[in-house]
Structure formats: structure tokens, C-alpha cells
Amino acid sequence: MLDVSHLKKTYGKKQAIEDVTFSVKAGSCFGLLGPNGAGKSTTMKILTGIIKSDGGSAKLLGKDVSKNKNVVSKNIGYVPQEITLYDQLSAYDNLVFFGEMYGVRGNELKRRIDEVLADTGLTERAKDAIKTFSGGMKRRINIACALLHRPKLLILDEPTVGIDPQSRNRIFEMIRALNRAGITIIYSTHYMEEVEALCDEIAIIDNGNVMAQGPLGGLLERYGQKAIYVEAGGVIEIPDLPHVVKMRKEGSGWVVETNQVQAVMQNLIKLAAEQHWDVKQLEIVRPSLESVFLSVTGTALRD
Ligand SMILES: Nc1ncnc2c1ncn2[C@@H]1O[C@H](COP(=O)(O)OP(=O)(O)OP(=O)(O)O)[C@@H](O)[C@H]1O
């Protein structure tokens, strides 16, 4: 559905993005994960035609987004990071305004407003002014505004920043339902747990470069650090073992990092028998997205 290839953008002397390459399949919920300042918003603004890139290309349904404004406006719904609603107007009137901006009119607009209000769970509040809404409700209406023209691709730029966990869950439910209904999603965030909870495909962006892309499982398999957790009564220290990358104390046990899980597991079992450990837990730890991020960027995900 979307192919982004070697995008670049410089603001004055600041290179905001250097080499952004990724592709999004139709029907996917695609996560763009990176710390603040990584270049997520810049990338999304290029995809939606708000700013122009200095190089590279982005093709939506085979058409270059910088040369085909109609393809962008017809097929993309964009939810910017900042809430863009008129505070004094009601939710309904905001939806009329944004719907008309997207070219939806008359009875079709009325029908769509009723549908998106139902999708957001805010039908009862339609006539109330936005200024009376909570942060989470404003976010939901902001998303609704981008859905009125039935886009095939919905792009959300950090839609949960500054809202409480309950509102965040409602937004997640909404995004999952939209994705189930066939809308392709691009979801930008600096929260790992959000992409883990929502996305089937992830691109990791850092310092203006996409460092890796793939399904979560594939990234974990390829870049995640495998480990074994061992907890045993009376064990003060585990001796050096072959194939161990790192060992650290965690809780009442040890995390033994290795790329040779089977060999190390066998050695630990042997050691436990020889030294009569009172084993409470001995298990393979699933690699975390955090270790993938560390492995592909060389740094922990900064906030
Ligand atoms: N209009 C601008 N003028 C100058 N520098 C900019 C401008 N917009 C962004 N930048 C810089 O470009 C880099 C990438 O910014 P961008 O907003 O794309 O990152 P981001 O990943 O979306 O992070 P955030 O979540 O903080 O917005 C940052 O260093 C930022 O300071």
C-alpha cells in the first residue's frame, strides 16, 4: 500500500531525517517506534504532503505522494500530534468542518458523522462544546475527524501522549476495530508497550534513520537477546559458563544472556545437579523489544 524509500529532510542545518525506508502492507497495523526527535513527525508530514522531502520517494498505491495530492487526500486520514479542534464549537460542528474540508457533503456527511460518533462512543456528547471534553475525548474526536472521508490509510502521530491509561485503552480499542474493518494503520509512538500491544509490523527509527523493520516476532528472533532465568536457593554466584554473553542479578535470581540457549541450559541443569541447588525456577526468557531496540540502535530507548 505504501512504499517509502530513502526519504531525507533537512531544516536549515538540522538533518531531521537522513534515510527513512519502509513499506506498509494493506491491512497492517504498522508501528513507527522511535524516541523524541527521531524523525517520526517529519516522516508523517511528508507522507501527508504537509512538507516536501529533500530526497527519496514515498509511493501510496503506486503514486508518488508529492505529485499526486488527490491520491493523498482521498486515501489518507491524518491525526496530528497536536489536537486540532475548535474549542468553542460542538463536537458535531467540528466534524462538519473537517468533513467538508475532506470534501464530504450533505447527507453522506450527516451519515458519516453519526457513524464516527458511534465508533468513538461519543454520540451522547455530540452537541457539547469541545472545551468541556476531557483530553481523551478530544483525542477520540480528533481521530474521528480524520475518518469522515473513509480513508484506506489512517496515520496517527503519538495519539496517546498526555492522556490517562483508561482513555488510552479506549483509543486502542478504537484503532483495533478500525484495523479489523480493513483500514491500514500507521501508528507512531515512543512507547514500546504500545507497538507490542497494537502492531503487527514495526519499523525502528533513530536519529533520522530506519534501523530495522519487520513483524514483532521476526525482530525479536533476529535481534532480541535470548536469556535464561534461574532462581535457586543457596546459590550465591553462577560460575562462568561457555556461550554466556552477560549475567546479571534480577529479583531473587539470575538472568543469563546467551545466543546458545540449549547449550547453556544443559550446563545449568548439570551444575544444579552437581552442586545440589534447590531450583525454584529455570526457564527461557522471551527476548524483549527493548533488547531489539538496544541491539539495532546501540542505545536504550530514551524518553
Ligand atoms: N520545523 C523545524 N525546524 C527545525 N528543526 C525541526 C523542525 N521540525 C523538527 N525539527 C527537528 O528535526 C528532528 C526530528 O523531529 P521530529 O518532530 O520529526 O521527531 P519526532 O520523532 O516526531 O519526535 P517528537 O515526538 O519529539 O515530535 C528533531 O531534532 C527536531 O528538533
# chains A, B, ... in the order shown; residues from 1 in each chain; ligands from 1

call {"tool": "residues_near_ligand", "arguments": {"ligand": "ligand 1", "cutoff": "9 Å", "atoms": "only C-alpha atoms and all ligand atoms", "output": "VMD selection string"}}
result
chain A and resid 9 to 17 33 to 45 81 157 to 158 188 to 190 205 to 208

call {"tool": "select_by_dssp", "arguments": {"residues": "region 65-284 of chain A", "states": "strand (DSSP E or B)", "output": "MDAnalysis selection string"}}
result
chainID A and resid 76:79 90 129 153:157 184:189 201:206 209:215 227:233 244:250 253:258 278:284

call {"tool": "write_last_selection", "arguments": {"atoms": "C-alpha atoms", "output": "PDB file, in the first residue's frame"}}
result
ATOM      1  CA  ILE A  76      -5.127   9.143   3.889  1.00  0.00           C
ATOM      2  CA  GLY A  77      -6.654  10.255   7.171  1.00  0.00           C
ATOM      3  CA  TYR A  78      -4.064  12.095   9.284  1.00  0.00           C
ATOM      4  CA  VAL A  79      -4.267  12.613  13.034  1.00  0.00           C
ATOM      5  CA  SER A  90     -19.518  21.421  19.481  1.00  0.00           C
ATOM      6  CA  ALA A 129     -18.597  22.214  23.127  1.00  0.00           C
ATOM      7  CA  LEU A 153      -4.847   4.523   5.447  1.00  0.00           C
ATOM      8  CA  LEU A 154      -5.062   6.194   8.869  1.00  0.00           C
ATOM      9  CA  ILE A 155      -1.866   7.852  10.136  1.00  0.00           C
ATOM     10  CA  LEU A 156      -1.728   8.635  13.855  1.00  0.00           C
ATOM     11  CA  ASP A 157       1.143  10.658  15.324  1.00  0.00           C
ATOM     12  CA  THR A 184      -4.482   0.201   7.268  1.00  0.00           C
ATOM     13  CA  ILE A 185      -2.900   1.986  10.248  1.00  0.00           C
ATOM     14  CA  ILE A 186       0.431   3.746  10.740  1.00  0.00           C
ATOM     15  CA  TYR A 187       0.932   4.407  14.434  1.00  0.00           C
ATOM     16  CA  SER A 188       3.853   6.499  15.624  1.00  0.00           C
ATOM     17  CA  THR A 189       4.982   6.289  19.235  1.00  0.00           C
ATOM     18  CA  GLU A 201       4.715  -4.828  11.892  1.00  0.00           C
ATOM     19  CA  ILE A 202       7.275  -2.390  13.291  1.00  0.00           C
ATOM     20  CA  ALA A 203       9.924  -0.024  11.969  1.00  0.00           C
ATOM     21  CA  ILE A 204      12.507   1.273  14.445  1.00  0.00           C
ATOM     22  CA  ILE A 205      13.629   4.843  13.740  1.00  0.00           C
ATOM     23  CA  ASP A 206      16.515   6.609  15.453  1.00  0.00           C
ATOM     24  CA  ASN A 209      17.271   6.561  10.071  1.00  0.00           C
ATOM     25  CA  VAL A 210      15.082   3.474   9.931  1.00  0.00           C
ATOM     26  CA  MET A 211      17.294   0.877  11.586  1.00  0.00           C
ATOM     27  CA  ALA A 212      15.114  -2.226  11.204  1.00  0.00           C
ATOM     28  CA  GLN A 213      11.680  -3.281  10.011  1.00  0.00           C
ATOM     29  CA  GLY A 214       9.676  -6.462  10.336  1.00  0.00           C
ATOM     30  CA  PRO A 215       6.974  -8.316  12.229  1.00  0.00           C
ATOM     31  CA  ALA A 227      18.299 -15.393  28.014  1.00  0.00           C
ATOM     32  CA  ILE A 228      17.648 -17.944  30.758  1.00  0.00           C
ATOM     33  CA  TYR A 229      16.273 -17.042  34.167  1.00  0.00           C
ATOM     34  CA  VAL A 230      17.483 -19.170  37.048  1.00  0.00           C
ATOM     35  CA  GLU A 231      16.400 -18.957  40.648  1.00  0.00           C
ATOM     36  CA  ALA A 232      17.755 -21.461  43.134  1.00  0.00           C
ATOM     37  CA  GLY A 233      18.067 -21.441  46.925  1.00  0.00           C
ATOM     38  CA  VAL A 244      27.250 -16.721  28.076  1.00  0.00           C
ATOM     39  CA  VAL A 245      27.139 -13.112  26.820  1.00  0.00           C
ATOM     40  CA  LYS A 246      26.256 -11.482  30.127  1.00  0.00           C
ATOM     41  CA  MET A 247      24.947 -12.421  33.529  1.00  0.00           C
ATOM     42  CA  ARG A 248      23.015 -10.156  35.887  1.00  0.00           C
ATOM     43  CA  LYS A 249      21.128 -10.442  39.153  1.00  0.00           C
ATOM     44  CA  GLU A 250      17.378  -9.863  38.828  1.00  0.00           C
ATOM     45  CA  GLY A 253      17.563 -14.967  40.658  1.00  0.00           C
ATOM     46  CA  TRP A 254      19.914 -14.504  37.738  1.00  0.00           C
ATOM     47  CA  VAL A 255      19.390 -13.601  34.096  1.00  0.00           C
ATOM     48  CA  VAL A 256      21.922 -15.409  31.917  1.00  0.00           C
ATOM     49  CA  GLU A 257      22.078 -13.852  28.439  1.00  0.00           C
ATOM     50  CA  THR A 258      23.167 -16.150  25.626  1.00  0.00           C
ATOM     51  CA  ASP A 278      17.368 -26.054  45.314  1.00  0.00           C
ATOM     52  CA  VAL A 279      15.998 -24.940  41.895  1.00  0.00           C
ATOM     53  CA  LYS A 280      12.851 -22.809  42.112  1.00  0.00           C
ATOM     54  CA  GLN A 281      12.772 -21.536  38.531  1.00  0.00           C
ATOM     55  CA  LEU A 282      14.787 -22.344  35.414  1.00  0.00           C
ATOM     56  CA  GLU A 283      13.276 -21.021  32.216  1.00  0.00           C
ATOM     57  CA  ILE A 284      13.958 -19.421  28.851  1.00  0.00           C
TER      58      ILE A 284
END

call {"tool": "residues_around", "arguments": {"residues": "region 159-163 of chain A", "least_positions_apart": "6", "cutoff": "7 Å", "atoms": "only C-alpha atoms", "output": "list of chain:residue names"}}
result
A:Gln81, A:Gly135, A:Gly136, A:Arg139

call {"tool": "write_last_selection", "arguments": {"atoms": "C-alpha atoms", "output": "short mmCIF file (atom, residue, chain, number, x, y, z; two decimals), in the first residue's frame"}}
result
data_model
loop_
_atom_site.label_atom_id
_atom_site.label_comp_id
_atom_site.auth_asym_id
_atom_site.auth_seq_id
_atom_site.Cartn_x
_atom_site.Cartn_y
_atom_site.Cartn_z
CA GLN A 81 0.29 15.05 17.33
CA GLY A 135 -8.14 15.12 26.91
CA GLY A 136 -9.01 11.54 25.93
CA ARG A 139 -8.26 12.75 21.06
#

call {"tool": "residues_around", "arguments": {"residues": "Asp3 (chain A)", "least_positions_apart": "6", "cutoff": "6 Å", "atoms": "only C-alpha atoms", "output": "VMD selection string"}}
result
chain A and resid 23 58 to 59

call {"tool": "write_last_selection", "arguments": {"atoms": "N, CA and C atoms", "output": "PDB file, in the first residue's frame"}}
result
ATOM      1  N   SER A  23       8.124  -0.203   4.224  1.00  0.00           N
ATOM      2  CA  SER A  23       6.911  -0.389   3.429  1.00  0.00           C
ATOM      3  C   SER A  23       5.795  -0.947   4.307  1.00  0.00           C
ATOM      4  N   ALA A  58       8.057   8.568  -1.669  1.00  0.00           N
ATOM      5  CA  ALA A  58       7.019   7.855  -0.920  1.00  0.00           C
ATOM      6  C   ALA A  58       5.894   7.595  -1.897  1.00  0.00           C
ATOM      7  N   LYS A  59       5.556   6.325  -2.076  1.00  0.00           N
ATOM      8  CA  LYS A  59       4.500   5.982  -3.029  1.00  0.00           C
ATOM      9  C   LYS A  59       3.328   5.342  -2.312  1.00  0.00           C
TER      10      LYS A  59
END

call {"tool": "closest_residue", "arguments": {"among": "A:Ser73, A:Ser57, A:Asn179, A:Gln266", "to": "Cys29 (chain A)", "atoms": "only C-alpha atoms"}}
result
A:Asn179

call {"tool": "select_by_dssp", "arguments": {"residues": "region 64-149 of chain A", "states": "alpha helix (DSSP H)", "output": "number ranges by chain"}}
result
A: 69-75, 91-101, 106-120, 135-145

call {"tool": "closest_residue", "arguments": {"among": "A:Leu289, A:Leu7, A:Leu95, A:Val24", "to": "Ser66 (chain A)", "atoms": "only C-alpha atoms"}}
result
A:Leu7

call {"tool": "closest_residue", "arguments": {"among": "A:Leu2, A:Ala177, A:Leu198, A:Ile141", "to": "Gly62 (chain A)", "atoms": "only C-alpha atoms"}}
result
A:Leu2

call {"tool": "atom_distance", "arguments": {"atom1": "CA of Leu109 (chain A)", "atom2": "CA of Ala91 (chain A)"}}
result
13.9 Å

call {"tool": "atom_distance", "arguments": {"atom1": "CA of Lys63 (chain A)", "atom2": "CA of Thr48 (chain A)"}}
result
12.7 Å

call {"tool": "residues_around", "arguments": {"residues": "Met137 (chain A)", "least_positions_apart": "6", "cutoff": "10 Å", "atoms": "only C-alpha atoms", "output": "VMD selection string"}}
result
chain A and resid 91 120 to 122 125 130 143 163 167 170 to 171

call {"tool": "write_last_selection", "arguments": {"atoms": "N, CA and C atoms", "output": "short mmCIF file (atom, residue, chain, number, x, y, z; two decimals), in the first residue's frame"}}
result
data_model
loop_
_atom_site.label_atom_id
_atom_site.label_comp_id
_atom_site.auth_asym_id
_atom_site.auth_seq_id
_atom_site.Cartn_x
_atom_site.Cartn_y
_atom_site.Cartn_z
N ALA A 91 -18.74 19.13 19.25
CA ALA A 91 -18.08 18.02 18.55
C ALA A 91 -18.69 17.88 17.16
N THR A 120 -16.57 6.30 18.10
CA THR A 120 -15.77 6.90 19.19
C THR A 120 -16.49 6.79 20.54
N GLY A 121 -17.74 6.36 20.52
CA GLY A 121 -18.52 6.25 21.76
C GLY A 121 -18.91 7.62 22.30
N LEU A 122 -19.02 8.62 21.41
CA LEU A 122 -19.30 9.98 21.89
C LEU A 122 -20.61 10.57 21.33
N ARG A 125 -22.44 13.03 23.46
CA ARG A 125 -21.80 14.33 23.71
C ARG A 125 -21.69 15.19 22.46
N ILE A 130 -16.38 21.39 22.58
CA ILE A 130 -15.14 20.63 22.78
C ILE A 130 -14.44 21.05 24.07
N ILE A 143 -9.46 11.90 16.12
CA ILE A 143 -9.34 10.73 15.24
C ILE A 143 -10.57 10.65 14.32
N ILE A 163 -2.43 11.43 27.94
CA ILE A 163 -3.77 11.01 28.39
C ILE A 163 -3.68 9.83 29.36
N SER A 167 -8.29 6.14 29.02
CA SER A 167 -8.55 6.74 27.70
C SER A 167 -7.67 6.09 26.65
N ARG A 170 -9.23 2.97 25.49
CA ARG A 170 -10.37 3.22 24.57
C ARG A 170 -9.86 3.53 23.17
N ILE A 171 -8.78 4.31 23.11
CA ILE A 171 -8.20 4.64 21.80
C ILE A 171 -7.65 3.36 21.13
#

call {"tool": "residues_around", "arguments": {"residues": "region 98-108 of chain A", "least_positions_apart": "2", "cutoff": "6 Å", "atoms": "only C-alpha atoms", "output": "ChimeraX atom specification"}}
result
/A:95-96,110-111,145,148

call {"tool": "write_last_selection", "arguments": {"atoms": "N, CA and C atoms", "output": "PDB file, in the first residue's frame"}}
result
ATOM      1  N   LEU A  95     -16.901  18.213  13.444  1.00  0.00           N
ATOM      2  CA  LEU A  95     -16.933  17.133  12.449  1.00  0.00           C
ATOM      3  C   LEU A  95     -17.458  17.651  11.108  1.00  0.00           C
ATOM      4  N   VAL A  96     -18.441  18.551  11.152  1.00  0.00           N
ATOM      5  CA  VAL A  96     -18.951  19.152   9.895  1.00  0.00           C
ATOM      6  C   VAL A  96     -17.806  19.900   9.209  1.00  0.00           C
ATOM      7  N   LYS A 110     -23.696  13.763   6.980  1.00  0.00           N
ATOM      8  CA  LYS A 110     -24.511  13.501   8.184  1.00  0.00           C
ATOM      9  C   LYS A 110     -24.402  12.039   8.595  1.00  0.00           C
ATOM     10  N   ARG A 111     -24.493  11.161   7.591  1.00  0.00           N
ATOM     11  CA  ARG A 111     -24.417   9.722   7.877  1.00  0.00           C
ATOM     12  C   ARG A 111     -23.051   9.371   8.480  1.00  0.00           C
ATOM     13  N   CYS A 145     -12.378  12.960  13.159  1.00  0.00           N
ATOM     14  CA  CYS A 145     -12.301  13.961  12.079  1.00  0.00           C
ATOM     15  C   CYS A 145     -11.547  13.419  10.865  1.00  0.00           C
ATOM     16  N   LEU A 148     -13.826  10.717   8.390  1.00  0.00           N
ATOM     17  CA  LEU A 148     -15.097  11.035   7.735  1.00  0.00           C
ATOM     18  C   LEU A 148     -15.107  10.694   6.243  1.00  0.00           C
TER      19      LEU A 148
END

call {"tool": "decode", "arguments": {"residues": "region 11-121 of chain A", "atoms": "C-alpha atoms", "output": "short mmCIF file (atom, residue, chain, number, x, y, z; two decimals), in the first residue's frame"}}
result
data_model
loop_
_atom_site.label_atom_id
_atom_site.label_comp_id
_atom_site.auth_asym_id
_atom_site.auth_seq_id
_atom_site.Cartn_x
_atom_site.Cartn_y
_atom_site.Cartn_z
CA TYR A 11 15.52 22.05 8.31
CA GLY A 12 18.22 24.70 7.91
CA LYS A 13 21.32 22.90 9.16
CA LYS A 14 19.36 20.26 11.08
CA GLN A 15 19.03 16.93 9.29
CA ALA A 16 15.67 15.75 10.63
CA ILE A 17 15.62 12.57 8.57
CA GLU A 18 18.56 11.05 6.76
CA ASP A 19 17.43 7.71 5.33
CA VAL A 20 13.89 6.60 6.01
CA THR A 21 12.90 3.44 4.16
CA PHE A 22 9.99 1.14 4.98
CA SER A 23 6.91 -0.39 3.43
CA VAL A 24 3.41 -0.90 4.75
CA LYS A 25 1.16 -3.73 3.58
CA ALA A 26 -2.58 -3.15 3.09
CA GLY A 27 -4.49 -4.20 6.20
CA SER A 28 -1.49 -3.92 8.51
CA CYS A 29 -1.26 -2.04 11.81
CA PHE A 30 2.23 -0.63 11.36
CA GLY A 31 4.17 0.87 14.27
CA LEU A 32 6.80 3.57 13.77
CA LEU A 33 8.80 3.37 17.01
CA GLY A 34 11.45 5.87 18.00
CA PRO A 35 12.48 8.35 20.69
CA ASN A 36 11.51 12.04 20.66
CA GLY A 37 13.29 13.81 17.86
CA ALA A 38 13.92 10.60 15.87
CA GLY A 39 12.07 11.97 12.83
CA LYS A 40 8.62 10.37 13.14
CA SER A 41 6.55 13.55 12.72
CA THR A 42 8.72 14.77 9.86
CA THR A 43 8.20 11.45 8.06
CA MET A 44 4.42 11.59 8.56
CA LYS A 45 4.23 15.19 7.42
CA ILE A 46 6.00 14.20 4.19
CA LEU A 47 3.63 11.26 3.67
CA THR A 48 0.61 13.53 4.05
CA GLY A 49 2.00 16.23 1.76
CA ILE A 50 2.29 18.88 4.52
CA ILE A 51 6.01 19.27 3.86
CA LYS A 52 8.23 18.26 0.96
CA SER A 53 11.17 15.91 1.29
CA ASP A 54 14.65 16.83 0.04
CA GLY A 55 15.17 13.41 -1.50
CA GLY A 56 13.85 9.88 -1.78
CA SER A 57 10.27 8.94 -2.52
CA ALA A 58 7.02 7.85 -0.92
CA LYS A 59 4.50 5.98 -3.03
CA LEU A 60 0.94 5.44 -1.94
CA LEU A 61 -0.91 2.84 -4.03
CA GLY A 62 1.89 3.18 -6.56
CA LYS A 63 1.61 7.00 -6.84
CA ASP A 64 4.24 9.47 -5.63
CA VAL A 65 2.66 11.44 -2.76
CA SER A 66 4.50 14.66 -3.64
CA LYS A 67 2.99 14.70 -7.15
CA ASN A 68 -0.48 13.27 -6.53
CA LYS A 69 -2.29 15.40 -3.94
CA ASN A 70 -5.63 13.80 -4.81
CA VAL A 71 -4.39 10.30 -4.04
CA VAL A 72 -3.21 11.54 -0.63
CA SER A 73 -6.33 13.50 0.30
CA LYS A 74 -8.68 10.72 -0.84
CA ASN A 75 -6.88 7.81 0.78
CA ILE A 76 -5.13 9.14 3.89
CA GLY A 77 -6.65 10.25 7.17
CA TYR A 78 -4.06 12.09 9.28
CA VAL A 79 -4.27 12.61 13.03
CA PRO A 80 -1.53 15.09 14.00
CA GLN A 81 0.29 15.05 17.33
CA GLU A 82 -1.36 18.30 18.48
CA ILE A 83 -5.14 18.27 18.94
CA THR A 84 -6.60 20.43 16.17
CA LEU A 85 -10.19 21.16 17.17
CA TYR A 86 -12.21 24.34 17.66
CA ASP A 87 -12.76 24.55 21.41
CA GLN A 88 -15.82 26.79 21.25
CA LEU A 89 -17.62 24.63 18.68
CA SER A 90 -19.52 21.42 19.48
CA ALA A 91 -18.08 18.02 18.55
CA TYR A 92 -20.72 17.83 15.80
CA ASP A 93 -19.79 21.20 14.29
CA ASN A 94 -16.10 20.30 14.37
CA LEU A 95 -16.93 17.13 12.45
CA VAL A 96 -18.95 19.15 9.90
CA PHE A 97 -15.98 21.50 9.43
CA PHE A 98 -13.38 18.75 8.97
CA GLY A 99 -15.73 16.61 6.87
CA GLU A 100 -16.26 19.48 4.44
CA MET A 101 -12.52 20.09 4.36
CA TYR A 102 -12.09 16.47 3.25
CA GLY A 103 -14.80 17.02 0.59
CA VAL A 104 -17.66 15.12 2.27
CA ARG A 105 -21.02 16.91 1.99
CA GLY A 106 -24.81 16.74 2.51
CA ASN A 107 -26.50 13.52 3.59
CA GLU A 108 -23.29 11.48 3.22
CA LEU A 109 -21.59 13.82 5.73
CA LYS A 110 -24.51 13.50 8.18
CA ARG A 111 -24.42 9.72 7.88
CA ARG A 112 -20.64 9.60 8.35
CA ILE A 113 -20.77 11.92 11.39
CA ASP A 114 -23.31 9.60 13.04
CA GLU A 115 -21.10 6.60 12.26
CA VAL A 116 -17.83 8.09 13.53
CA LEU A 117 -19.54 9.39 16.68
CA ALA A 118 -20.76 5.84 17.33
CA ASP A 119 -17.23 4.48 16.64
CA THR A 120 -15.77 6.90 19.19
CA GLY A 121 -18.52 6.25 21.76
#
